$ cat input_26.tsv   # TSV, C-alpha atoms
chain	number	residue	atom	x	y	z
K	1	MET	CA	-33.40	52.41	-23.44
K	2	SER	CA	-29.66	51.80	-23.11
K	3	PHE	CA	-28.18	49.67	-20.34
K	4	VAL	CA	-26.69	52.76	-18.67
K	5	GLU	CA	-30.06	54.51	-18.61
K	6	TRP	CA	-31.73	51.40	-17.23
K	7	LEU	CA	-29.09	51.04	-14.55
K	8	LEU	CA	-29.44	54.71	-13.50
K	9	SER	CA	-33.23	54.44	-13.31
K	10	PHE	CA	-32.86	51.19	-11.31
K	11	VAL	CA	-30.50	52.87	-8.84
K	12	TYR	CA	-32.85	55.86	-8.52
K	13	LYS	CA	-35.77	53.52	-7.91
K	14	ILE	CA	-33.85	51.63	-5.22
K	15	LYS	CA	-33.22	54.89	-3.38
K	16	THR	CA	-36.97	55.29	-2.89
K	17	PHE	CA	-37.11	52.03	-0.91
K	18	PRO	CA	-36.55	51.74	2.86
K	19	LEU	CA	-32.89	51.41	3.91
K	20	ILE	CA	-33.16	47.75	4.94
K	21	ILE	CA	-34.55	46.83	1.51
K	22	GLN	CA	-31.81	48.84	-0.23
K	23	ILE	CA	-29.14	46.93	1.74
K	24	THR	CA	-30.83	43.61	0.95
K	25	ILE	CA	-30.98	44.38	-2.79
K	26	VAL	CA	-27.35	45.51	-2.90
K	27	LEU	CA	-26.12	42.44	-1.02
K	28	THR	CA	-28.20	40.13	-3.21
K	29	MET	CA	-26.81	41.69	-6.39
K	30	ALA	CA	-23.27	41.54	-5.02
K	31	PHE	CA	-23.79	37.84	-4.17
K	32	ILE	CA	-25.11	37.12	-7.68
K	33	VAL	CA	-22.16	38.91	-9.32
K	34	ALA	CA	-19.67	37.11	-7.04
K	35	THR	CA	-21.31	33.74	-7.76
K	36	ILE	CA	-21.15	34.30	-11.51
K	37	ALA	CA	-17.51	35.40	-11.26
K	38	LEU	CA	-16.67	32.32	-9.16
K	39	MET	CA	-18.40	29.99	-11.63
K	40	ILE	CA	-16.50	31.54	-14.53
K	41	THR	CA	-13.22	31.20	-12.61
K	42	ILE	CA	-13.89	27.54	-11.69
K	43	TYR	CA	-14.89	26.75	-15.27
K	44	THR	CA	-11.71	28.37	-16.59
K	45	ILE	CA	-9.51	26.51	-14.09
K	46	ARG	CA	-11.20	23.15	-14.75
K	47	ARG	CA	-10.99	23.65	-18.50
K	48	ARG	CA	-7.29	24.47	-18.25
K	49	HIS	CA	-6.72	21.51	-15.90
K	50	ASN	CA	-8.59	19.07	-18.17
K	51	ARG	CA	-6.69	20.32	-21.20
K	52	LEU	CA	-3.40	19.91	-19.31
K	53	GLN	CA	-4.34	16.40	-18.13
K	54	LYS	CA	-5.29	15.38	-21.66
K	55	THR	CA	-1.99	16.72	-22.96
K	56	LEU	CA	-0.08	14.83	-20.26
K	57	GLU	CA	-2.01	11.60	-20.85
K	58	ASN	CA	-1.25	11.84	-24.56
K	59	SER	CA	2.42	12.32	-23.72
K	60	VAL	CA	2.70	9.08	-21.70
K	61	PRO	CA	3.86	6.92	-24.66
K	62	GLU	CA	6.65	9.44	-25.37
K	63	ILE	CA	7.66	9.49	-21.69
K	64	VAL	CA	7.70	5.69	-21.64
K	65	LYS	CA	9.93	5.65	-24.74
K	66	LEU	CA	12.29	8.27	-23.26
K	67	PHE	CA	12.63	6.43	-19.95
K	68	ASP	CA	12.99	3.11	-21.76
K	69	ASP	CA	15.89	4.52	-23.80
K	70	ILE	CA	17.57	5.88	-20.67
K	71	LEU	CA	17.13	2.80	-18.49
K	72	PHE	CA	17.32	-0.17	-20.80
K	73	THR	CA	19.56	0.76	-23.73
K	74	ASP	CA	23.26	1.57	-24.09
K	75	LYS	CA	22.50	5.20	-24.94
K	76	ASN	CA	24.18	7.71	-22.67
K	77	PHE	CA	22.29	10.66	-21.20
K	78	ASN	CA	23.32	13.30	-18.72
K	79	GLU	CA	20.90	14.90	-16.26
K	80	GLN	CA	20.45	18.09	-18.29
K	81	GLU	CA	19.60	16.11	-21.44
K	82	ILE	CA	17.02	14.07	-19.53
K	83	PHE	CA	15.40	17.19	-18.07
K	84	THR	CA	15.33	18.96	-21.46
K	85	LYS	CA	13.85	15.98	-23.33
K	86	PHE	CA	11.23	15.47	-20.61
K	87	GLU	CA	10.34	19.17	-20.71
K	88	GLU	CA	9.95	19.05	-24.50
K	89	ILE	CA	7.44	16.22	-24.12
K	90	VAL	CA	5.32	17.69	-21.30
K	91	ASP	CA	5.78	21.44	-22.13
K	92	GLU	CA	6.32	22.30	-18.45
K	93	VAL	CA	7.97	20.37	-15.64
K	94	ASN	CA	5.55	20.84	-12.77
K	95	ARG	CA	3.65	18.81	-10.16
K	96	GLU	CA	1.25	17.26	-12.69
K	97	SER	CA	3.91	16.27	-15.22
K	98	LEU	CA	6.20	14.89	-12.51
K	99	ASP	CA	3.32	12.77	-11.18
K	100	ILE	CA	3.00	11.26	-14.67
K	101	GLY	CA	6.76	10.65	-14.82
K	102	VAL	CA	6.83	9.03	-11.37
K	103	GLY	CA	3.88	6.85	-12.40
K	104	VAL	CA	5.84	5.54	-15.39
K	105	LEU	CA	8.86	4.71	-13.19
K	106	VAL	CA	6.61	2.98	-10.65
K	107	ASP	CA	5.07	0.88	-13.44
K	108	PHE	CA	8.54	-0.14	-14.62
K	109	LYS	CA	9.50	-1.14	-11.07
K	110	ASN	CA	6.28	-3.06	-10.52
K	111	ASP	CA	6.98	-4.97	-13.74
K	112	HIS	CA	10.40	-5.88	-12.25
K	113	ARG	CA	12.28	-4.04	-14.99
K	114	GLU	CA	15.58	-3.48	-13.23
K	115	SER	CA	18.24	-0.96	-14.15
K	116	GLU	CA	21.07	0.85	-12.38
K	117	LYS	CA	20.00	4.13	-14.03
K	118	TYR	CA	16.82	4.86	-12.05
K	119	PRO	CA	18.75	7.27	-9.77
K	120	LEU	CA	19.83	9.23	-12.87
K	121	ILE	CA	16.21	10.02	-13.84
K	122	ILE	CA	15.23	10.62	-10.20
K	123	SER	CA	18.02	13.16	-9.80
K	124	ALA	CA	17.55	14.82	-13.22
K	125	LEU	CA	13.84	15.50	-12.66
K	126	GLY	CA	14.10	16.40	-8.97
K	127	ILE	CA	11.76	13.56	-8.01
K	128	VAL	CA	13.07	13.45	-4.43
K	129	GLU	CA	12.10	17.10	-3.95
K	130	HIS	CA	8.76	16.41	-5.67
K	131	LEU	CA	7.97	13.60	-3.22
K	132	GLU	CA	9.05	15.75	-0.28
K	133	ARG	CA	6.44	18.32	-1.31
K	134	LYS	CA	3.84	15.56	-1.46
K	135	PHE	CA	4.83	14.38	2.02
K	136	ASP	CA	4.27	17.93	3.26
K	137	SER	CA	0.97	18.33	1.42
K	138	ARG	CA	-2.25	18.91	3.35
K	139	SER	CA	-3.89	16.22	1.25
K	140	ASN	CA	-3.88	12.77	2.88
K	141	SER	CA	-4.16	11.08	-0.52
K	142	GLU	CA	-1.00	12.90	-1.67
K	143	LYS	CA	0.85	11.73	1.45
K	144	ILE	CA	-0.26	8.13	0.87
K	145	ASP	CA	0.84	8.33	-2.78
K	146	ALA	CA	4.23	9.60	-1.58
K	147	PHE	CA	4.59	6.69	0.88
K	148	GLN	CA	3.86	4.14	-1.83
K	149	GLU	CA	6.00	5.81	-4.52
K	150	ALA	CA	8.97	6.16	-2.16
K	151	PHE	CA	8.62	2.46	-1.32
K	152	VAL	CA	8.46	1.27	-4.93
K	153	LEU	CA	11.34	3.51	-6.02
K	154	ASP	CA	13.38	2.33	-3.02
K	155	LEU	CA	14.06	5.85	-1.73
K	156	ASN	CA	15.11	4.97	1.80
K	157	LYS	CA	16.32	8.54	2.43
K	158	PHE	CA	12.69	9.23	3.33
K	159	ASP	CA	12.64	6.96	6.40
K	160	SER	CA	12.88	9.92	8.81
K	161	LYS	CA	10.13	11.74	6.92
K	162	VAL	CA	7.91	8.65	7.05
K	163	LEU	CA	8.65	8.20	10.76
K	164	ARG	CA	7.18	11.66	11.41
K	165	TYR	CA	3.78	10.42	10.25
K	166	ALA	CA	3.97	7.11	12.08
K	167	TYR	CA	2.20	8.66	15.06
K	168	SER	CA	-0.36	10.65	13.08
K	169	LYS	CA	-3.86	10.91	14.57
K	170	ASN	CA	-5.22	9.85	11.17
K	171	LYS	CA	-5.42	6.03	11.28
K	172	MET	CA	-4.92	5.61	7.53
K	173	ILE	CA	-1.85	7.85	7.45
K	174	ARG	CA	-0.43	6.21	10.58
K	175	SER	CA	-0.90	2.70	9.18
K	176	GLU	CA	0.56	3.58	5.77
K	177	ALA	CA	3.54	5.35	7.35
K	178	ARG	CA	4.36	2.42	9.63
K	179	ASN	CA	4.08	-0.10	6.81
K	180	SER	CA	6.28	2.08	4.58
K	181	TYR	CA	8.83	2.50	7.36
K	182	LEU	CA	9.20	-1.27	7.45
K	183	ALA	CA	10.32	-1.19	3.80
K	184	LEU	CA	12.35	2.01	3.77
K	185	SER	CA	14.25	1.93	7.04
K	186	SER	CA	17.48	0.13	7.72
K	187	ASN	CA	17.33	1.28	11.36
K	188	ASP	CA	15.05	-1.03	13.36
K	189	PRO	CA	12.39	-1.38	10.62
K	190	TYR	CA	10.22	-3.65	12.80
K	191	ARG	CA	9.83	-1.16	15.64
K	192	PHE	CA	6.09	-0.76	15.08
K	193	PHE	CA	5.23	-4.43	15.44
K	194	ASP	CA	4.97	-3.68	19.17
K	195	GLU	CA	2.36	-1.03	18.51
K	196	PHE	CA	-0.22	-2.81	16.35
K	197	ASP	CA	-3.34	-2.33	18.43
K	198	ARG	CA	-5.96	-3.74	16.06
K	199	ASP	CA	-6.60	-6.74	13.82
K	200	LEU	CA	-4.76	-6.67	10.52
K	201	SER	CA	-6.97	-6.19	7.49
K	202	LYS	CA	-6.33	-8.12	4.28
K	203	TRP	CA	-4.91	-4.93	2.79
K	204	ASP	CA	-2.53	-4.57	5.77
K	205	GLU	CA	-1.34	-8.13	5.18
K	206	ILE	CA	-0.78	-7.53	1.46
K	207	GLU	CA	1.23	-4.37	2.14
K	208	LEU	CA	3.27	-5.89	4.97
K	209	MET	CA	4.07	-8.90	2.80
K	210	GLN	CA	5.31	-6.61	0.01
K	211	TYR	CA	7.56	-4.76	2.44
K	212	LEU	CA	8.92	-7.96	3.98
K	213	LYS	CA	9.69	-9.26	0.48
K	214	LEU	CA	11.65	-6.08	-0.19
K	215	GLN	CA	13.64	-6.59	3.03
K	216	LYS	CA	14.29	-10.17	1.91
K	217	GLU	CA	15.56	-8.99	-1.49
K	218	ARG	CA	17.91	-6.56	0.28
K	219	GLY	CA	19.15	-9.33	2.57
K	220	ASN	CA	17.81	-7.48	5.62
K	221	LEU	CA	14.92	-9.75	6.61
K	222	GLU	CA	15.33	-10.57	10.27
K	223	GLY	CA	14.01	-13.64	12.04
K	224	LEU	CA	10.37	-13.08	12.91
K	225	GLY	CA	10.39	-15.42	15.90
K	226	LYS	CA	10.93	-12.61	18.41
K	227	TRP	CA	7.70	-10.88	17.39
K	228	ILE	CA	5.76	-14.16	17.28
K	229	ASN	CA	6.92	-14.86	20.82
K	230	TYR	CA	6.20	-11.51	22.43
K	231	SER	CA	3.40	-9.84	20.45
K	232	LYS	CA	0.04	-9.68	22.24
K	233	ASN	CA	-1.79	-9.11	18.95
K	234	ASP	CA	-3.07	-12.51	17.77
K	235	SER	CA	-3.84	-11.15	14.30
K	236	LEU	CA	-0.21	-10.04	13.86
K	237	VAL	CA	1.09	-13.33	15.30
K	238	VAL	CA	-0.97	-15.37	12.79
K	239	PHE	CA	0.35	-13.24	9.93
K	240	LEU	CA	4.00	-13.49	11.05
K	241	ILE	CA	3.76	-17.27	11.49
K	242	LYS	CA	2.44	-17.45	7.93
K	243	MET	CA	5.40	-15.32	6.77
K	244	VAL	CA	7.85	-17.67	8.52
K	245	GLY	CA	6.51	-20.45	6.32
K	246	TYR	CA	6.49	-18.27	3.20
K	247	PHE	CA	10.12	-17.17	3.63
K	248	LYS	CA	11.22	-20.61	4.91
K	249	GLN	CA	12.85	-19.14	8.01
K	250	LYS	CA	14.85	-21.65	10.04
K	251	GLY	CA	15.55	-21.98	13.75
K	252	ILE	CA	11.98	-21.33	14.79
K	253	ASN	CA	10.86	-24.90	15.54
K	254	ASP	CA	10.60	-24.43	19.32
K	255	ILE	CA	8.52	-21.26	18.95
K	256	LEU	CA	6.10	-23.01	16.60
K	257	MET	CA	5.77	-25.91	19.01
K	258	GLU	CA	4.99	-23.46	21.82
K	259	LYS	CA	2.28	-21.89	19.68
K	260	LEU	CA	0.57	-25.28	19.41
K	261	GLU	CA	-0.47	-24.64	23.03
K	262	ASP	CA	-1.80	-21.13	22.37
K	263	ASP	CA	-5.33	-20.32	23.54
K	264	ASN	CA	-6.25	-18.93	20.10
K	265	GLU	CA	-7.23	-21.65	17.63
K	266	LEU	CA	-6.23	-19.46	14.64
K	267	VAL	CA	-2.70	-19.18	16.04
K	268	ARG	CA	-2.55	-22.95	16.58
K	269	ALA	CA	-3.88	-23.67	13.09
K	270	GLU	CA	-1.31	-21.37	11.45
K	271	ALA	CA	1.52	-22.89	13.52
K	272	ILE	CA	0.45	-26.36	12.36
K	273	SER	CA	0.34	-25.23	8.71
K	274	THR	CA	3.79	-23.64	8.98
K	275	LEU	CA	5.26	-26.85	10.39
K	276	GLY	CA	4.17	-28.36	7.10
K	277	GLU	CA	5.56	-25.50	5.02
K	278	LEU	CA	8.94	-25.95	6.74
K	279	ASN	CA	8.69	-29.77	6.48
K	280	ILE	CA	9.38	-30.30	10.18
K	281	SER	CA	8.23	-33.92	9.89
K	282	GLN	CA	9.48	-34.96	13.36
K	283	THR	CA	6.36	-33.27	14.73
K	284	GLU	CA	4.03	-35.61	12.82
K	285	GLN	CA	3.20	-37.93	15.72
K	286	ASN	CA	2.60	-34.95	18.01
K	287	LEU	CA	0.07	-33.52	15.55
K	288	ILE	CA	-1.71	-36.86	15.19
K	289	GLU	CA	-2.04	-37.21	18.96
K	290	ARG	CA	-3.66	-33.79	19.34
K	291	TYR	CA	-6.08	-34.23	16.39
K	292	TYR	CA	-9.10	-35.32	18.44
K	293	THR	CA	-8.76	-32.49	20.96
K	294	GLU	CA	-8.63	-29.72	18.36
K	295	PRO	CA	-11.45	-27.75	16.67
K	296	GLU	CA	-12.16	-28.32	12.99
K	297	ILE	CA	-9.90	-25.52	11.68
K	298	CYS	CA	-6.91	-27.13	13.44
K	299	GLN	CA	-7.93	-30.64	12.38
K	300	VAL	CA	-7.97	-29.58	8.73
K	301	ALA	CA	-4.54	-27.94	9.19
K	302	ILE	CA	-3.20	-31.19	10.69
K	303	VAL	CA	-4.46	-33.25	7.75
K	304	LYS	CA	-2.94	-30.84	5.22
K	305	THR	CA	0.37	-30.79	7.10
K	306	VAL	CA	0.54	-34.57	7.34
K	307	ARG	CA	-0.10	-34.67	3.60
K	308	LYS	CA	2.87	-32.30	3.03
K	309	PHE	CA	5.12	-34.46	5.19
K	310	ASN	CA	4.18	-37.44	2.98
K	311	THR	CA	6.12	-39.91	5.14
K	312	GLY	CA	3.57	-42.69	4.75
K	313	LYS	CA	3.47	-43.16	8.54
K	314	SER	CA	0.00	-41.64	8.92
K	315	LEU	CA	-1.98	-43.70	6.43
K	316	ARG	CA	-3.88	-45.70	9.07
K	317	PHE	CA	-4.63	-42.49	10.99
K	318	LEU	CA	-6.00	-40.82	7.84
K	319	GLN	CA	-8.17	-43.84	7.03
K	320	GLU	CA	-9.61	-43.83	10.56
K	321	ILE	CA	-10.54	-40.15	10.59
K	322	PHE	CA	-11.97	-40.46	7.06
K	323	ASN	CA	-14.39	-43.13	8.25
K	324	GLU	CA	-15.28	-41.17	11.39
K	325	SER	CA	-15.82	-37.78	9.75
K	326	ASN	CA	-19.34	-36.57	8.94
K	327	ASN	CA	-18.20	-33.39	7.19
K	328	THR	CA	-18.14	-33.72	3.40
K	329	ASP	CA	-15.51	-31.01	2.88
K	330	THR	CA	-13.25	-32.49	5.55
K	331	LYS	CA	-13.63	-36.00	4.11
K	332	LYS	CA	-12.56	-34.64	0.72
K	333	ILE	CA	-9.40	-33.11	2.22
K	334	ILE	CA	-8.63	-36.36	4.07
K	335	ALA	CA	-9.19	-38.39	0.88
K	336	GLU	CA	-6.75	-36.18	-1.01
K	337	ALA	CA	-4.17	-36.75	1.75
K	338	ILE	CA	-4.68	-40.52	1.54
K	339	LEU	CA	-4.29	-40.55	-2.25
K	340	ASN	CA	-1.27	-38.26	-2.18
$ encode --input "input_26.tsv" --output "structure tokens"
Amino acid sequence: MSFVEWLLSFVYKIKTFPLIIQITIVLTMAFIVATIALMITIYTIRRRHNRLQKTLENSVPEIVKLFDDILFTDKNFNEQEIFTKFEEIVDEVNRESLDIGVGVLVDFKNDHRESEKYPLIISALGIVEHLERKFDSRSNSEKIDAFQEAFVLDLNKFDSKVLRYAYSKNKMIRSEARNSYLALSSNDPYRFFDEFDRDLSKWDEIELMQYLKLQKERGNLEGLGKWINYSKNDSLVVFLIKMVGYFKQKGINDILMEKLEDDNELVRAEAISTLGELNISQTEQNLIERYYTEPEICQVAIVKTVRKFNTGKSLRFLQEIFNESNNTDTKKIIAEAILN
């Protein structure tokens, strides 16, 4: 029996069933056919995507060589030549291939390989337009990638675009946008310090530090004392005090001394540590006098700061607290300060 004959006999047989069963059989068959068609379509798309990704991954060494020639040699390229050579390597200049190209540029930047020709590649390949499409994507991961790539490539023309997401209902997008705005904007980049309403995570601190370093490299890093003074977020205050010490900011002595009276022991401890980082040794006697009234975290900070001052004036004090301490870890820190 041929397939056609079988199908006709099957259809005839179905017609003998009650209407509700006929409808059920037809819908079931339609669902099966649609499912098979969908599976074939998904398989075809995934196979094509995997083949494309493999091709692009294999092309990375050639892209690296091309970009290396453009950025770090005396060879001269115009935008059309760059586009054509890139297209020859990746077959088609599209979202996937541009993502690979942007990744190579980001790696160069992260390795601190500087060149004045980055804008030439960015313009030739339409990377600004590519990132704009990622900013407008429905995918949150694409938006976050765009924030980070715009930051690394120093594309501050996106500050208004980033600002749009700074009030997103999605906490991750909002946080990433505000951190990126700090790096990209030359117009009040610290505006969101007032709006931190939660404790900073370690990842927040790492990102904020990167962005502050970029502002420092540009010569745009403002004094952080204002935000230390007025912020109600202790987590942010502790971080900013730490950054004052890291960037060796001057003119903040009075603010640090005020923070020694703060109710939060973490704020006091960080202020004490930063006095040491800035070598404000005239505060040494003040720190010694408050040692016995402070909790352990502040006591340890005082010992470490006195060690950094290294004036020799606190030797008797260090010997006394060494003999009085019952904490092995603290005694070790005090001993190191004595032997310094």
$ axis_aligned_box --input "input_26.tsv" --around "region 142-155 of chain K" --padding-each-side "8 Å" --output "AutoDock Vina command-line options"
--center_x 6.5 --center_y 7.1 --center_z -2.3 --size_x 31.1 --size_y 27.6 --size_z 23.5
$ atom_distance --input "input_26.tsv" --atom1 "CA of Thr16 (chain K)" --atom2 "CA of Ile32 (chain K)"
22.2 Å
$ residues_around --input "input_26.tsv" --residues "region 72-86 of chain K" --least-positions-apart "3" --cutoff "9 Å" --atoms "all atoms listed in the file" --output "PyMOL selection string"
chain K and resi 62-63+66-69+89-93+101+113-115+117+120-121+123-125
$ atom_distance --input "input_26.tsv" --atom1 "CA of Asn340 (chain K)" --atom2 "CA of Ile272 (chain K)"
18.9 Å
$ residues_around --input "input_26.tsv" --residues "Val104 (chain K)" --least-positions-apart "2" --cutoff "8 Å" --atoms "only C-alpha atoms" --output "PyMOL selection string"
chain K and resi 60+63-64+100-102+106-108
$ atom_distance --input "input_26.tsv" --atom1 "CA of Arg316 (chain K)" --atom2 "CA of Glu277 (chain K)"
22.7 Å
$ closest_residue --input "input_26.tsv" --among "K:Arg47, K:Leu275, K:Ile25, K:Glu261" --to "Phe10 (chain K)" --atoms "all atoms listed in the file"
K:Ile25
$ residues_around --input "input_26.tsv" --residues "Ser180 (chain K)" --least-positions-apart "3" --cutoff "8 Å" --atoms "only C-alpha atoms" --output "list in words"
Phe147, Gln148, Phe151, Val162, Glu176, Ala177, Ala183, Leu184 and Tyr211 of chain K
$ closest_residue --input "input_26.tsv" --among "K:Val26, K:Val152, K:Gln249, K:Met243" --to "Asp111 (chain K)" --atoms "only C-alpha atoms"
K:Val152
$ build_atoms --input "input_26.tsv" --residues "region 153-182 of chain K" --atoms "N, CA and C atoms" --output "mmCIF file, keeping the file's coordinate frame"
data_model
loop_
_atom_site.group_PDB
_atom_site.id
_atom_site.type_symbol
_atom_site.label_atom_id
_atom_site.label_comp_id
_atom_site.auth_asym_id
_atom_site.auth_seq_id
_atom_site.Cartn_x
_atom_site.Cartn_y
_atom_site.Cartn_z
ATOM 1 N N LEU K 153 10.106 2.996 -5.436
ATOM 2 C CA LEU K 153 11.340 3.510 -6.020
ATOM 3 C C LEU K 153 12.541 3.311 -5.103
ATOM 4 N N ASP K 154 12.292 2.686 -3.940
ATOM 5 C CA ASP K 154 13.380 2.330 -3.020
ATOM 6 C C ASP K 154 14.154 3.565 -2.547
ATOM 7 N N LEU K 155 13.424 4.611 -2.193
ATOM 8 C CA LEU K 155 14.060 5.850 -1.730
ATOM 9 C C LEU K 155 14.109 5.857 -0.210
ATOM 10 N N ASN K 156 15.088 5.126 0.357
ATOM 11 C CA ASN K 156 15.110 4.970 1.800
ATOM 12 C C ASN K 156 15.587 6.229 2.535
ATOM 13 N N LYS K 157 15.956 7.275 1.787
ATOM 14 C CA LYS K 157 16.320 8.540 2.430
ATOM 15 C C LYS K 157 15.096 9.196 3.078
ATOM 16 N N PHE K 158 13.907 8.651 2.777
ATOM 17 C CA PHE K 158 12.690 9.230 3.330
ATOM 18 C C PHE K 158 12.284 8.588 4.658
ATOM 19 N N ASP K 159 13.108 7.678 5.211
ATOM 20 C CA ASP K 159 12.640 6.960 6.400
ATOM 21 C C ASP K 159 12.343 7.899 7.559
ATOM 22 N N SER K 160 13.139 8.972 7.723
ATOM 23 C CA SER K 160 12.880 9.920 8.810
ATOM 24 C C SER K 160 11.601 10.709 8.557
ATOM 25 N N LYS K 161 11.348 11.030 7.286
ATOM 26 C CA LYS K 161 10.130 11.740 6.920
ATOM 27 C C LYS K 161 8.895 10.859 7.185
ATOM 28 N N VAL K 162 9.006 9.585 6.819
ATOM 29 C CA VAL K 162 7.910 8.650 7.050
ATOM 30 C C VAL K 162 7.662 8.477 8.546
ATOM 31 N N LEU K 163 8.757 8.407 9.312
ATOM 32 C CA LEU K 163 8.650 8.200 10.760
ATOM 33 C C LEU K 163 7.840 9.325 11.414
ATOM 34 N N ARG K 164 7.911 10.512 10.864
ATOM 35 C CA ARG K 164 7.180 11.660 11.410
ATOM 36 C C ARG K 164 5.674 11.427 11.387
ATOM 37 N N TYR K 165 5.212 10.661 10.385
ATOM 38 C CA TYR K 165 3.780 10.420 10.250
ATOM 39 C C TYR K 165 3.344 9.117 10.917
ATOM 40 N N ALA K 166 4.293 8.408 11.492
ATOM 41 C CA ALA K 166 3.970 7.110 12.080
ATOM 42 C C ALA K 166 3.129 7.231 13.345
ATOM 43 N N TYR K 167 3.022 8.444 13.870
ATOM 44 C CA TYR K 167 2.200 8.660 15.060
ATOM 45 C C TYR K 167 1.074 9.660 14.755
ATOM 46 N N SER K 168 0.720 9.755 13.479
ATOM 47 C CA SER K 168 -0.360 10.650 13.080
ATOM 48 C C SER K 168 -1.680 10.235 13.733
ATOM 49 N N LYS K 169 -2.546 11.210 14.002
ATOM 50 C CA LYS K 169 -3.860 10.910 14.570
ATOM 51 C C LYS K 169 -4.765 10.251 13.528
ATOM 52 N N ASN K 170 -4.449 10.466 12.246
ATOM 53 C CA ASN K 170 -5.220 9.850 11.170
ATOM 54 C C ASN K 170 -4.804 8.381 11.041
ATOM 55 N N LYS K 171 -5.752 7.459 11.265
ATOM 56 C CA LYS K 171 -5.420 6.030 11.280
ATOM 57 C C LYS K 171 -4.839 5.549 9.960
ATOM 58 N N MET K 172 -5.400 6.044 8.838
ATOM 59 C CA MET K 172 -4.920 5.610 7.530
ATOM 60 C C MET K 172 -3.480 6.058 7.287
ATOM 61 N N ILE K 173 -3.204 7.334 7.614
ATOM 62 C CA ILE K 173 -1.850 7.850 7.450
ATOM 63 C C ILE K 173 -0.887 7.106 8.365
ATOM 64 N N ARG K 174 -1.295 6.895 9.611
ATOM 65 C CA ARG K 174 -0.430 6.210 10.580
ATOM 66 C C ARG K 174 -0.102 4.794 10.111
ATOM 67 N N SER K 175 -1.112 4.067 9.641
ATOM 68 C CA SER K 175 -0.900 2.700 9.180
ATOM 69 C C SER K 175 0.015 2.664 7.959
ATOM 70 N N GLU K 176 -0.242 3.546 6.985
ATOM 71 C CA GLU K 176 0.560 3.580 5.770
ATOM 72 C C GLU K 176 2.008 3.948 6.073
ATOM 73 N N ALA K 177 2.183 4.903 6.994
ATOM 74 C CA ALA K 177 3.540 5.350 7.350
ATOM 75 C C ALA K 177 4.314 4.213 8.022
ATOM 76 N N ARG K 178 3.663 3.503 8.920
ATOM 77 C CA ARG K 178 4.360 2.420 9.630
ATOM 78 C C ARG K 178 4.702 1.275 8.689
ATOM 79 N N ASN K 179 3.791 0.948 7.789
ATOM 80 C CA ASN K 179 4.080 -0.100 6.810
ATOM 81 C C ASN K 179 5.225 0.323 5.896
ATOM 82 N N SER K 180 5.218 1.586 5.449
ATOM 83 C CA SER K 180 6.280 2.080 4.580
ATOM 84 C C SER K 180 7.622 2.105 5.300
ATOM 85 N N TYR K 181 7.586 2.452 6.583
ATOM 86 C CA TYR K 181 8.830 2.500 7.360
ATOM 87 C C TYR K 181 9.499 1.129 7.402
ATOM 88 N N LEU K 182 8.680 0.088 7.458
ATOM 89 C CA LEU K 182 9.200 -1.270 7.450
ATOM 90 C C LEU K 182 10.041 -1.525 6.205
#
